[in-house]
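Peer 1: This is input28.txt (compact mmCIF, C-alpha atoms).
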# COMPACT_ATOMS: atom_id res chain seq x y z
CA MET K 149 22.17 24.54 9.91
CA LYS K 150 19.42 22.76 11.86
CA ASN K 151 16.90 23.74 9.22
CA PHE K 152 19.18 22.47 6.54
CA ILE K 153 19.38 19.07 8.17
CA LEU K 154 15.64 19.02 8.65
CA ILE K 155 15.21 19.71 4.94
CA ILE K 156 17.60 16.89 4.10
CA CYS K 157 15.63 14.60 6.43
CA LEU K 158 12.33 15.53 4.87
CA PHE K 159 13.72 15.22 1.40
CA SER K 160 15.11 11.80 2.16
CA ILE K 161 11.77 10.68 3.62
CA LEU K 162 9.86 12.03 0.62
CA THR K 163 12.13 10.55 -2.03
CA ASN K 164 12.16 7.22 -0.22
CA ALA K 165 8.40 7.18 0.27
CA LYS K 166 8.04 7.30 -3.49
CA ALA K 167 9.32 3.74 -3.84
CA GLN K 168 6.66 2.50 -1.47
CA THR K 169 3.73 3.91 -3.42
CA GLU K 170 4.77 2.23 -6.65
CA GLY K 171 3.28 -1.09 -7.68
CA TYR K 172 0.08 -2.95 -7.00
CA LYS K 173 -1.60 -3.00 -3.62
CA ILE K 174 -3.91 -5.62 -2.15
CA GLY K 175 -7.26 -5.33 -3.94
CA ASP K 176 -5.86 -3.85 -7.16
CA VAL K 177 -6.84 -5.35 -10.51
CA VAL K 178 -3.72 -6.27 -12.47
CA LYS K 179 -3.12 -5.52 -16.12
CA ASP K 180 -2.73 -8.64 -18.26
CA PHE K 181 0.61 -9.29 -19.92
CA SER K 182 2.01 -11.17 -22.86
CA LEU K 183 5.38 -12.64 -21.99
CA GLN K 184 7.53 -15.23 -23.67
CA ASN K 185 7.75 -18.61 -22.00
CA VAL K 186 10.90 -20.78 -22.11
CA ASP K 187 9.16 -22.90 -24.78
CA GLY K 188 9.01 -19.86 -27.07
CA LYS K 189 5.25 -19.32 -26.76
CA MET K 190 3.68 -16.11 -25.53
CA VAL K 191 1.67 -16.42 -22.30
CA SER K 192 -1.12 -14.20 -20.92
CA LEU K 193 -3.33 -14.51 -17.86
CA ALA K 194 -6.31 -14.58 -20.24
CA ASP K 195 -5.01 -17.90 -21.67
CA TYR K 196 -5.96 -19.64 -18.44
CA LYS K 197 -9.70 -19.93 -18.98
CA ASP K 198 -10.27 -22.36 -16.09
CA ALA K 199 -7.96 -20.79 -13.53
CA LYS K 200 -9.40 -19.42 -10.29
CA GLY K 201 -6.33 -17.32 -9.83
CA PHE K 202 -2.54 -17.28 -10.11
CA ILE K 203 0.62 -17.55 -8.08
CA VAL K 204 2.84 -15.00 -9.81
CA VAL K 205 6.43 -15.39 -8.63
CA PHE K 206 9.15 -12.98 -9.70
CA THR K 207 12.23 -15.15 -9.55
CA CYS K 208 15.40 -15.87 -11.51
CA ASN K 209 18.28 -18.27 -12.04
CA HIS K 210 21.23 -16.65 -10.29
CA CYS K 211 19.80 -15.54 -6.94
CA PRO K 212 20.63 -17.89 -4.03
CA PHE K 213 17.32 -16.99 -2.38
CA SER K 214 15.44 -17.97 -5.52
CA GLN K 215 17.44 -21.18 -5.60
CA ALA K 216 16.64 -21.83 -1.94
CA TYR K 217 12.95 -21.47 -2.78
CA GLU K 218 13.01 -23.23 -6.16
CA GLN K 219 11.77 -26.60 -4.91
CA ARG K 220 9.12 -24.91 -2.78
CA ILE K 221 7.87 -23.01 -5.86
CA ILE K 222 7.68 -26.30 -7.78
CA ASN K 223 5.77 -27.82 -4.84
CA LEU K 224 3.36 -24.87 -4.77
CA HIS K 225 2.51 -25.45 -8.42
CA LYS K 226 2.12 -29.20 -7.93
CA LYS K 227 -0.21 -28.65 -5.00
CA TYR K 228 -2.30 -25.72 -6.26
CA ALA K 229 -2.40 -25.85 -10.08
CA SER K 230 -4.97 -28.63 -9.90
CA LYS K 231 -6.97 -26.47 -7.49
CA GLY K 232 -7.07 -23.66 -10.03
CA PHE K 233 -4.00 -21.66 -8.96
CA PRO K 234 -1.02 -22.32 -11.24
CA VAL K 235 2.42 -20.78 -10.69
CA LEU K 236 3.57 -18.26 -13.28
CA ALA K 237 7.27 -17.65 -12.73
CA ILE K 238 8.63 -14.40 -14.18
CA ASN K 239 12.29 -13.48 -14.49
CA PRO K 240 12.60 -9.67 -14.47
CA ASN K 241 16.40 -9.31 -14.43
CA ASP K 242 18.44 -7.45 -17.02
CA LYS K 243 20.63 -10.02 -18.75
CA ASP K 244 23.41 -7.48 -19.29
CA ARG K 245 23.74 -7.04 -15.55
CA GLU K 246 23.23 -10.72 -14.77
CA PRO K 247 24.08 -12.97 -17.73
CA GLU K 248 23.00 -16.04 -15.75
CA ASP K 249 19.43 -14.74 -16.07
CA SER K 250 19.38 -14.56 -19.87
CA TYR K 251 16.51 -16.15 -21.79
CA GLU K 252 18.78 -19.00 -22.96
CA ASN K 253 19.88 -19.71 -19.39
CA MET K 254 16.24 -19.63 -18.25
CA GLN K 255 15.51 -22.32 -20.84
CA LYS K 256 18.40 -24.39 -19.53
CA ARG K 257 17.37 -24.09 -15.89
CA ALA K 258 13.70 -24.85 -16.60
CA LYS K 259 14.77 -27.99 -18.44
CA GLU K 260 17.32 -29.10 -15.85
CA LYS K 261 14.99 -28.62 -12.91
CA LYS K 262 11.96 -29.86 -14.86
CA TYR K 263 9.83 -26.80 -14.07
CA PRO K 264 6.19 -27.88 -14.18
CA PHE K 265 5.15 -24.22 -14.55
CA VAL K 266 5.73 -21.56 -17.19
CA TYR K 267 8.91 -19.51 -16.76
CA LEU K 268 8.39 -16.13 -18.44
CA TYR K 269 10.88 -13.50 -19.46
CA ASP K 270 9.97 -9.91 -18.54
CA GLN K 271 12.55 -8.47 -20.88
CA THR K 272 11.28 -4.88 -20.71
CA GLN K 273 10.90 -5.14 -16.91
CA GLU K 274 7.54 -3.42 -17.34
CA ASN K 275 5.64 -6.06 -15.39
CA ALA K 276 8.05 -6.07 -12.48
CA LYS K 277 7.55 -2.29 -12.29
CA LEU K 278 3.77 -2.55 -12.60
CA TYR K 279 3.63 -5.13 -9.82
CA GLY K 280 6.11 -3.26 -7.68
CA ALA K 281 8.35 -6.31 -7.49
CA MET K 282 11.60 -5.36 -5.79
CA ARG K 283 13.42 -8.60 -5.23
CA THR K 284 13.59 -12.25 -6.16
CA PRO K 285 11.69 -14.23 -5.09
CA HIS K 286 8.66 -11.95 -4.70
CA VAL K 287 5.20 -13.54 -4.69
CA PHE K 288 1.88 -12.06 -5.82
CA ILE K 289 -1.23 -14.20 -5.43
CA LEU K 290 -4.14 -13.20 -7.64
CA SER K 291 -7.75 -14.32 -7.70
CA LYS K 292 -9.98 -14.17 -10.74
CA LYS K 293 -13.06 -12.07 -10.17
CA THR K 294 -15.66 -10.48 -12.43
CA THR K 295 -13.65 -7.24 -12.24
CA GLY K 296 -10.46 -9.00 -13.32
CA ASN K 297 -7.45 -10.57 -11.62
CA VAL K 298 -7.26 -9.08 -8.14
CA VAL K 299 -4.13 -8.96 -5.94
CA GLU K 300 -4.83 -10.93 -2.76
CA TYR K 301 -1.39 -11.48 -1.23
CA ILE K 302 2.06 -9.94 -1.67
CA GLY K 303 5.28 -11.16 -0.14
CA ALA K 304 7.18 -14.24 0.94
CA ILE K 305 6.46 -17.92 0.45
CA ASP K 306 7.06 -18.80 4.10
CA ASP K 307 8.94 -17.72 7.21
CA ASN K 308 12.21 -19.63 6.87
CA PHE K 309 14.30 -19.26 3.73
CA GLU K 310 17.18 -21.40 4.84
CA GLU K 311 15.58 -24.44 6.43
CA PRO K 312 12.36 -25.60 4.74
CA GLN K 313 12.01 -28.28 7.42
CA HIS K 314 11.73 -25.59 10.10
CA VAL K 315 9.08 -23.49 8.42
CA LYS K 316 6.39 -22.46 10.90
CA ILE K 317 4.19 -20.20 8.79
CA LYS K 318 3.47 -20.96 5.14
CA TYR K 319 2.26 -17.49 4.17
CA ALA K 320 1.56 -18.26 0.50
CA GLU K 321 -0.20 -21.57 1.22
CA ASP K 322 -2.28 -20.00 4.00
CA ALA K 323 -3.43 -17.30 1.58
CA LEU K 324 -4.22 -19.86 -1.13
CA ASN K 325 -6.12 -22.11 1.27
CA ALA K 326 -8.16 -19.16 2.46
CA LEU K 327 -9.00 -18.21 -1.14
CA ILE K 328 -10.00 -21.77 -1.97
CA GLU K 329 -12.17 -22.00 1.16
CA ASN K 330 -13.60 -18.55 0.49
CA LYS K 331 -12.32 -17.22 3.80
CA PRO K 332 -10.54 -13.92 4.47
CA ILE K 333 -6.73 -14.07 4.20
CA LYS K 334 -5.19 -13.41 7.62
CA VAL K 335 -1.80 -12.14 6.47
CA THR K 336 -1.95 -10.37 3.12
CA TYR K 337 1.48 -8.73 3.11
CA THR K 338 4.89 -9.98 4.23
CA LYS K 339 8.49 -9.06 3.65
CA ALA K 340 11.54 -11.14 2.89
CA ILE K 341 15.21 -10.79 2.17
CA GLY K 342 16.01 -11.32 -1.47
CA CYS K 343 18.18 -10.27 -4.38
CA GLY K 344 17.33 -6.79 -5.57
CA ILE K 345 15.96 -6.91 -9.13
CA LYS K 346 18.71 -6.08 -11.60
CA TRP K 347 17.18 -3.06 -13.32
CA LYS K 348 18.51 -1.93 -16.67
CA ARG K 349 21.09 0.86 -16.39
CA MET J 224 49.26 -38.12 19.80
CA LYS J 225 47.07 -36.83 22.64
CA LYS J 226 49.28 -33.81 23.01
CA LEU J 227 49.01 -33.12 19.32
CA THR J 228 45.22 -33.29 19.49
CA VAL J 229 45.16 -30.85 22.39
CA ILE J 230 47.41 -28.46 20.52
CA LEU J 231 45.29 -28.81 17.43
CA VAL J 232 42.06 -28.16 19.37
CA LEU J 233 43.61 -25.14 21.11
CA PHE J 234 44.80 -23.81 17.78
CA LEU J 235 41.34 -24.26 16.24
CA CYS J 236 39.71 -22.56 19.22
CA TYR J 237 42.09 -19.64 18.92
CA ASN J 238 41.39 -19.34 15.23
CA LEU J 239 37.65 -19.52 15.71
CA HIS J 240 37.88 -16.84 18.31
CA ALA J 241 39.92 -14.61 16.04
CA GLN J 242 37.36 -14.91 13.27
CA GLN J 243 34.25 -14.70 15.38
CA ILE J 244 31.44 -12.69 13.90
CA LYS J 245 28.89 -11.17 16.23
CA PHE J 246 25.31 -12.39 15.87
CA VAL J 247 22.61 -9.74 15.92
CA ASP J 248 18.82 -9.70 15.54
CA GLY J 249 16.01 -7.23 14.99
CA SER J 250 16.32 -5.79 18.49
CA TRP J 251 19.93 -4.85 17.73
CA ILE J 252 18.66 -2.49 15.03
CA GLU J 253 16.14 -1.01 17.45
CA LYS J 254 18.89 -0.44 20.00
CA ILE J 255 21.02 1.42 17.48
CA LYS J 256 18.04 3.50 16.46
CA ALA J 257 17.46 4.38 20.12
CA LYS J 258 21.06 5.45 20.81
CA THR J 259 21.48 9.05 21.87
CA THR J 260 25.10 9.64 20.89
CA ASP J 261 26.48 11.75 18.06
CA THR J 262 27.93 8.67 16.36
CA ILE J 263 27.00 8.44 12.70
CA TYR J 264 26.01 4.82 12.12
CA VAL J 265 26.41 3.70 8.52
CA ILE J 266 24.75 0.31 8.39
CA ASN J 267 24.92 -1.70 5.20
CA PHE J 268 22.79 -4.81 4.69
CA TRP J 269 24.61 -7.21 2.40
CA ALA J 270 25.55 -10.82 1.67
CA THR J 271 28.52 -12.49 0.01
CA TRP J 272 26.17 -14.00 -2.59
CA CYS J 273 24.77 -10.58 -3.57
CA LYS J 274 26.78 -9.25 -6.49
CA PRO J 275 25.86 -5.53 -6.25
CA CYS J 276 26.53 -5.72 -2.49
CA VAL J 277 30.02 -7.08 -3.03
CA GLU J 278 30.63 -4.46 -5.71
CA GLU J 279 29.80 -1.59 -3.36
CA LEU J 280 31.69 -2.98 -0.33
CA PRO J 281 34.95 -1.17 -1.24
CA ASP J 282 33.02 2.12 -0.97
CA PHE J 283 32.00 1.31 2.59
CA GLU J 284 35.50 0.14 3.39
CA LYS J 285 36.88 3.40 2.04
CA LEU J 286 34.38 5.36 4.13
CA ASN J 287 35.40 3.37 7.20
CA LYS J 288 39.07 4.09 6.51
CA GLU J 289 38.69 7.77 5.66
CA PHE J 290 36.32 8.62 8.49
CA SER J 291 37.43 6.22 11.24
CA GLN J 292 38.97 9.12 13.20
CA LYS J 293 35.66 11.00 13.04
CA ASN J 294 32.38 10.10 14.68
CA VAL J 295 31.55 7.51 12.02
CA LYS J 296 30.85 3.82 12.61
CA VAL J 297 30.47 1.54 9.61
CA ILE J 298 28.75 -1.81 10.27
CA LEU J 299 28.23 -4.45 7.58
CA VAL J 300 25.24 -6.64 8.41
CA SER J 301 25.61 -9.97 6.64
CA ASN J 302 22.48 -11.76 5.45
CA ASP J 303 24.35 -14.85 4.33
CA PHE J 304 22.98 -18.31 4.88
CA LYS J 305 23.75 -19.44 8.41
CA LYS J 306 25.26 -22.69 7.21
CA GLN J 307 27.69 -20.69 5.07
CA ILE J 308 29.18 -18.53 7.83
CA ASN J 309 32.28 -20.69 8.17
CA THR J 310 32.50 -21.82 4.57
CA ARG J 311 31.77 -18.53 2.86
CA LEU J 312 31.31 -15.43 5.02
CA ILE J 313 34.41 -15.71 7.22
CA PRO J 314 36.71 -16.69 4.31
CA PHE J 315 35.31 -13.73 2.32
CA VAL J 316 35.97 -11.28 5.15
CA LYS J 317 39.48 -12.65 5.57
CA LYS J 318 40.33 -12.78 1.89
CA ASN J 319 39.15 -9.24 1.24
CA ASN J 320 40.69 -8.00 4.47
CA ILE J 321 37.47 -6.28 5.51
CA LYS J 322 38.22 -3.77 8.24
CA SER J 323 34.71 -2.52 8.97
CA GLU J 324 32.79 -4.39 11.64
CA VAL J 325 30.89 -7.36 10.19
CA VAL J 326 27.89 -8.76 12.07
CA PHE J 327 25.54 -11.59 11.14
CA MET J 328 21.75 -11.15 11.06
CA ASN J 329 20.67 -14.20 13.02
CA GLU J 330 16.97 -14.23 12.23
CA THR J 331 15.17 -17.05 10.44
CA ASN J 332 12.06 -15.06 9.54
CA PRO J 333 13.02 -11.85 7.72
CA ASN J 334 9.44 -10.71 8.12
CA ASN J 335 10.16 -10.25 11.84
CA TRP J 336 12.96 -7.75 11.51
CA ILE J 337 12.93 -6.01 8.09
CA GLU J 338 10.40 -3.44 9.28
CA LYS J 339 12.53 -2.77 12.35
CA ALA J 340 15.15 -1.51 9.94
CA ASP J 341 12.69 0.45 7.81
CA LYS J 342 9.01 0.30 6.92
CA ILE J 343 9.66 1.09 3.26
CA TRP J 344 12.30 -1.58 2.79
CA SER J 345 11.13 -4.53 0.67
CA GLY J 346 13.98 -6.68 1.92
CA ALA J 347 15.99 -6.53 -1.31
CA LEU J 348 19.75 -6.38 -0.90
CA PRO J 349 21.76 -4.23 -0.75
CA ALA J 350 20.28 -1.57 1.49
CA THR J 351 21.90 1.14 3.59
CA MET J 352 20.77 2.95 6.71
CA ILE J 353 22.45 6.05 8.11
CA ILE J 354 21.56 7.29 11.58
CA CYS J 355 22.86 10.18 13.62
CA HIS J 356 20.76 10.72 16.69
CA SER J 357 22.21 14.02 17.88
CA LYS J 358 21.52 15.54 14.46
CA HIS J 359 18.10 13.90 14.17
CA PHE J 360 19.32 12.40 10.96
CA TYR J 361 17.86 9.29 9.42
CA HIS J 362 18.32 7.94 5.92
CA PHE J 363 17.41 4.64 4.31
CA ASN J 364 18.21 3.57 0.79
CA GLU J 365 17.14 0.32 -0.85
CA GLY J 366 19.69 -0.43 -3.55
CA GLU J 367 23.28 0.59 -4.14
CA THR J 368 24.91 3.63 -2.54
CA THR J 369 28.14 5.09 -3.93
CA TYR J 370 31.05 6.50 -1.96
CA LYS J 371 30.21 9.96 -3.25
CA GLU J 372 26.63 9.68 -2.03
CA LEU J 373 27.77 8.35 1.34
CA VAL J 374 30.17 11.24 1.86
CA LYS J 375 27.53 13.76 0.82
CA LEU J 376 25.16 12.30 3.37
CA ILE J 377 27.51 12.09 6.32
CA GLU J 378 29.65 15.19 5.87
CA PRO J 379 27.09 17.62 7.36
CA LEU J 380 26.89 15.34 10.40
CA ILE J 381 30.59 15.23 11.24
CA THR J 382 31.32 16.85 14.59
CA ILE J 383 34.96 15.80 15.01
CA LYS J 384 36.98 17.97 12.65
What's the structure tokens form of this structure?

Peer 2:
Amino acid sequence: MKNFILIICLFSILTNAKAQTEGYKIGDVVKDFSLQNVDGKMVSLADYKDAKGFIVVFTCNHCPFSQAYEQRIINLHKKYASKGFPVLAINPNDKDREPEDSYENMQKRAKEKKYPFVYLYDQTQENAKLYGAMRTPHVFILSKKTTGNVVEYIGAIDDNFEEPQHVKIKYAEDALNALIENKPIKVTYTKAIGCGIKWKR
Amino acid sequence: MKKLTVILVLFLCYNLHAQQIKFVDGSWIEKIKAKTTDTIYVINFWATWCKPCVEELPDFEKLNKEFSQKNVKVILVSNDFKKQINTRLIPFVKKNNIKSEVVFMNETNPNNWIEKADKIWSGALPATMIICHSKHFYHFNEGETTYKELVKLIEPLITIK
């Protein structure tokens, strides 16, 4: 019986560990994508000839955590696009599981909230899987190098989802500032509560 | 008028007390992990705004009902917004007549406590942790867990027949 439980334990650890190994790690070169923006045009990283990097944010319409961070994502773009790091927002959710996150509703939200950044639809969910995005919002900061677009930071935007006025650590901004100043990033990986990505069933 | 106010205040206090939800933090998880009893802790991380969480709640409620006489303790850890405890969480618990214990994760920086629950957890909701110290059992699942899966996991750990 004891052995049996031990096997269950091990099995559970092994099957769970699998999830952790999926997706990009810090230092990985990402594969470029071609995703449809809310304006109908296809967007790739390669289109941004002058960019020094990217703030890739997996986010969506329906998730209250994404909504709580929406203005902060807009602010990130406003502050860093001119410095060479534009926001690329990507909605990875299956519209059948969450109709609020359909392409049409993305168009509506982008218009209503006057998104200054592109809002892309990862309809096949392939990019979310490649990146290892698990929740919304989930941030990946990339820097453009000779080898390609390299993952520099994965995680949360800051340390307080509910009260922006009480934020103490701006993880994403700290990483971006370090990149811009050519300094090492102190915190490259953080975690945050969020809405699990609605994978196709 | 004064009397009425006093009565009203007393009534409100009583009601607040009746609906009080315990606040917990990262150290609470560590304490549960360190317990040395044979209690099977089934801890579900959820929020009222999380659709798949709400959809799977009846499964946890059923587990709580079916196994309450055994060594099983179901705890629902709410990750709602703090400002919505009174306007959303408590009314939800009342309306759905939730019988399992509901606690509120009172942490502002999720980065401080998520790893205390599990290193592999990204922080996406829902997530479920099952611990039984005496059986050296530990399980963590990011994503939905069905009633069938829950029963399969806890049945070998039941000591009270």

Peer 1: For Lys334 in chain K, please output as a ChimeraX atom specification all residues within 9 Å (counting only C-alpha atoms; exclusion window: fewer than 5 positions along the same chain).

Peer 2: /K:322-323,326

Peer 1: Restrict the calculation to only C-alpha atoms, then for each residue of range 224-283 of chain K with any atom at most 8 Å from an atom of range 339-347 of chain K give the closest atom pair and their distance in Å to one decimal, rows by chain and rising residue number, as a Markdown table.

Peer 2:
| residue | atom | partner | partner_atom | distance |
| --- | --- | --- | --- | --- |
| K:Pro240 | CA | K:Ile345 | CA | 6.9 |
| K:Asn241 | CA | K:Lys346 | CA | 4.9 |
| K:Asp242 | CA | K:Lys346 | CA | 5.6 |
| K:Arg245 | CA | K:Lys346 | CA | 6.5 |
| K:Glu246 | CA | K:Lys346 | CA | 7.2 |
| K:Gln273 | CA | K:Trp347 | CA | 7.5 |
| K:Ala281 | CA | K:Ile345 | CA | 7.8 |
| K:Met282 | CA | K:Ile345 | CA | 5.7 |
| K:Arg283 | CA | K:Gly344 | CA | 4.3 |

Peer 1: Determine the nearest neighbour of Gly171 in chain K from the options K:Lys256, K:Lys277, K:Arg220, K:Lys231, counting all atoms listed in the file.

Peer 2: K:Lys277

Peer 1: Which residue out of K:Asn325, K:Gln184, K:Asn330, K:Thr295 has the minimum interatomic distance to Ala237 in chain K when only C-alpha atoms are used?

Peer 2: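 For Ala237 in chain K, the nearest of the candidates is K:Gln184.
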
Peer 1: Please indicate the distance in Å from CA of Lys254 in chain J to CA of Asp307 in chain K, rounded to one decimal place.

Peer 2: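 Computed distance, CA of Lys254 in chain J to CA of Asp307 in chain K, equals 23.7 Å.
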
Peer 1: Excluding range 245-251 of chain J and its own-chain neighbours fewer than 5 positions away, which residues fall within 12 Å of it when counting only C-alpha atoms? Please give them as an mmCIF file with C-alpha atoms, in the frame of the given file.

Peer 2:
data_model
loop_
_atom_site.group_PDB
_atom_site.id
_atom_site.type_symbol
_atom_site.label_atom_id
_atom_site.label_comp_id
_atom_site.auth_asym_id
_atom_site.auth_seq_id
_atom_site.Cartn_x
_atom_site.Cartn_y
_atom_site.Cartn_z
ATOM 1 C CA HIS J 240 37.880 -16.840 18.310
ATOM 2 C CA LYS J 256 18.040 3.500 16.460
ATOM 3 C CA ALA J 257 17.460 4.380 20.120
ATOM 4 C CA LYS J 258 21.060 5.450 20.810
ATOM 5 C CA ILE J 266 24.750 0.310 8.390
ATOM 6 C CA ILE J 298 28.750 -1.810 10.270
ATOM 7 C CA LEU J 299 28.230 -4.450 7.580
ATOM 8 C CA VAL J 300 25.240 -6.640 8.410
ATOM 9 C CA SER J 301 25.610 -9.970 6.640
ATOM 10 C CA ASN J 302 22.480 -11.760 5.450
ATOM 11 C CA ASP J 303 24.350 -14.850 4.330
ATOM 12 C CA LYS J 305 23.750 -19.440 8.410
ATOM 13 C CA ILE J 308 29.180 -18.530 7.830
ATOM 14 C CA ILE J 313 34.410 -15.710 7.220
ATOM 15 C CA GLU J 324 32.790 -4.390 11.640
ATOM 16 C CA VAL J 325 30.890 -7.360 10.190
ATOM 17 C CA VAL J 326 27.890 -8.760 12.070
ATOM 18 C CA PHE J 327 25.540 -11.590 11.140
ATOM 19 C CA MET J 328 21.750 -11.150 11.060
ATOM 20 C CA ASN J 329 20.670 -14.200 13.020
ATOM 21 C CA GLU J 330 16.970 -14.230 12.230
ATOM 22 C CA THR J 331 15.170 -17.050 10.440
ATOM 23 C CA ASN J 332 12.060 -15.060 9.540
ATOM 24 C CA PRO J 333 13.020 -11.850 7.720
ATOM 25 C CA ASN J 334 9.440 -10.710 8.120
ATOM 26 C CA ASN J 335 10.160 -10.250 11.840
ATOM 27 C CA TRP J 336 12.960 -7.750 11.510
ATOM 28 C CA ILE J 337 12.930 -6.010 8.090
ATOM 29 C CA GLU J 338 10.400 -3.440 9.280
ATOM 30 C CA LYS J 339 12.530 -2.770 12.350
ATOM 31 C CA ALA J 340 15.150 -1.510 9.940
ATOM 32 C CA ASP J 341 12.690 0.450 7.810
#

Peer 1: At a cut-off of 10 Å, using all atoms listed in the file, what residues contact Ser323 in chain J? Leave out same-chain residues fewer than 4 positions from it and give the result as a tab-separated table (two decimals) with C-alpha atoms, in the frame of the given file.

Peer 2:
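out_29.tsv was written with the following content:
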chain	number	residue	atom	x	y	z
J	280	LEU	CA	31.69	-2.98	-0.33
J	283	PHE	CA	32.00	1.31	2.59
J	284	GLU	CA	35.50	0.14	3.39
J	285	LYS	CA	36.88	3.40	2.04
J	286	LEU	CA	34.38	5.36	4.13
J	287	ASN	CA	35.40	3.37	7.20
J	288	LYS	CA	39.07	4.09	6.51
J	291	SER	CA	37.43	6.22	11.24
J	296	LYS	CA	30.85	3.82	12.61
J	297	VAL	CA	30.47	1.54	9.61
J	298	ILE	CA	28.75	-1.81	10.27
J	299	LEU	CA	28.23	-4.45	7.58
J	316	VAL	CA	35.97	-11.28	5.15

Peer 1: Only residues of chain J matter here; which ones have an atom within 10 Å of chain K, counting all atoms listed in the file? Give them as a PyMOL selection string.

Peer 2: chain J and resi 268-270+272-276+302-306+330-338+342-350+358-367+376+379-380

Peer 1: Distance CA of Val191 in chain K-CA of Lys179 in chain K, one decimal place?

Peer 2: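 So the two atoms, CA of Val191 in chain K and CA of Lys179 in chain K, lie 13.4 Å apart.
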
Peer 1: So that I can see what lies close to His225 in chain K, please list as a ChimeraX atom specification the residues with an atom at most 8 Å from it, counting only C-alpha atoms and leaving out residues fewer than 5 positions away in the same chain.

Peer 2: /K:233-235,264-265

Peer 1: Write out as JSON an axis-aligned box for range 209-225 of chain K: all of its atoms listed in the file, 6 Å added on each side, centre and edge lengths in Å with one decimal.

Peer 2:
{"center_x": 11.9, "center_y": -21.7, "center_z": -7.0, "size_x": 30.7, "size_y": 24.3, "size_z": 22.1}

Peer 1: At what distance in Å, to one decimal, does CA of Asn275 in chain K lie from CA of Asp180 in chain K?

Peer 2: 9.2 Å

Peer 1: Could you please fill out range 307-318 of chain J with N, CA, C and O atoms and send it back as a PDB file, in the frame of the given file?

Peer 2:
ATOM      1  N   GLN J 307      26.520 -21.104   5.863  1.00  0.00           N
ATOM      2  CA  GLN J 307      27.690 -20.690   5.070  1.00  0.00           C
ATOM      3  C   GLN J 307      28.585 -19.684   5.792  1.00  0.00           C
ATOM      4  O   GLN J 307      29.479 -19.104   5.181  1.00  0.00           O
ATOM      5  N   ILE J 308      28.351 -19.493   7.089  1.00  0.00           N
ATOM      6  CA  ILE J 308      29.180 -18.530   7.830  1.00  0.00           C
ATOM      7  C   ILE J 308      30.638 -18.951   7.781  1.00  0.00           C
ATOM      8  O   ILE J 308      31.513 -18.159   7.448  1.00  0.00           O
ATOM      9  N   ASN J 309      30.889 -20.214   8.124  1.00  0.00           N
ATOM     10  CA  ASN J 309      32.280 -20.690   8.170  1.00  0.00           C
ATOM     11  C   ASN J 309      32.853 -20.995   6.800  1.00  0.00           C
ATOM     12  O   ASN J 309      34.047 -20.865   6.587  1.00  0.00           O
ATOM     13  N   THR J 310      31.987 -21.403   5.879  1.00  0.00           N
ATOM     14  CA  THR J 310      32.500 -21.820   4.570  1.00  0.00           C
ATOM     15  C   THR J 310      32.581 -20.647   3.590  1.00  0.00           C
ATOM     16  O   THR J 310      33.302 -20.710   2.607  1.00  0.00           O
ATOM     17  N   ARG J 311      31.825 -19.590   3.848  1.00  0.00           N
ATOM     18  CA  ARG J 311      31.770 -18.530   2.860  1.00  0.00           C
ATOM     19  C   ARG J 311      32.009 -17.131   3.443  1.00  0.00           C
ATOM     20  O   ARG J 311      32.875 -16.397   2.975  1.00  0.00           O
ATOM     21  N   LEU J 312      31.230 -16.790   4.487  1.00  0.00           N
ATOM     22  CA  LEU J 312      31.310 -15.430   5.020  1.00  0.00           C
ATOM     23  C   LEU J 312      32.683 -15.123   5.626  1.00  0.00           C
ATOM     24  O   LEU J 312      33.332 -14.140   5.237  1.00  0.00           O
ATOM     25  N   ILE J 313      33.123 -15.974   6.545  1.00  0.00           N
ATOM     26  CA  ILE J 313      34.410 -15.710   7.220  1.00  0.00           C
ATOM     27  C   ILE J 313      35.571 -15.727   6.219  1.00  0.00           C
ATOM     28  O   ILE J 313      36.388 -14.807   6.217  1.00  0.00           O
ATOM     29  N   PRO J 314      35.636 -16.736   5.317  1.00  0.00           N
ATOM     30  CA  PRO J 314      36.710 -16.690   4.310  1.00  0.00           C
ATOM     31  C   PRO J 314      36.661 -15.418   3.447  1.00  0.00           C
ATOM     32  O   PRO J 314      37.691 -14.858   3.109  1.00  0.00           O
ATOM     33  N   PHE J 315      35.455 -14.952   3.134  1.00  0.00           N
ATOM     34  CA  PHE J 315      35.310 -13.730   2.320  1.00  0.00           C
ATOM     35  C   PHE J 315      35.876 -12.521   3.062  1.00  0.00           C
ATOM     36  O   PHE J 315      36.623 -11.721   2.493  1.00  0.00           O
ATOM     37  N   VAL J 316      35.516 -12.414   4.336  1.00  0.00           N
ATOM     38  CA  VAL J 316      35.970 -11.280   5.150  1.00  0.00           C
ATOM     39  C   VAL J 316      37.498 -11.292   5.267  1.00  0.00           C
ATOM     40  O   VAL J 316      38.153 -10.262   5.160  1.00  0.00           O
ATOM     41  N   LYS J 317      38.032 -12.506   5.442  1.00  0.00           N
ATOM     42  CA  LYS J 317      39.480 -12.650   5.570  1.00  0.00           C
ATOM     43  C   LYS J 317      40.194 -12.318   4.266  1.00  0.00           C
ATOM     44  O   LYS J 317      41.133 -11.537   4.240  1.00  0.00           O
ATOM     45  N   LYS J 318      39.689 -12.918   3.189  1.00  0.00           N
ATOM     46  CA  LYS J 318      40.330 -12.780   1.890  1.00  0.00           C
ATOM     47  C   LYS J 318      40.339 -11.316   1.435  1.00  0.00           C
ATOM     48  O   LYS J 318      41.317 -10.835   0.857  1.00  0.00           O
TER      49      LYS J 318
END
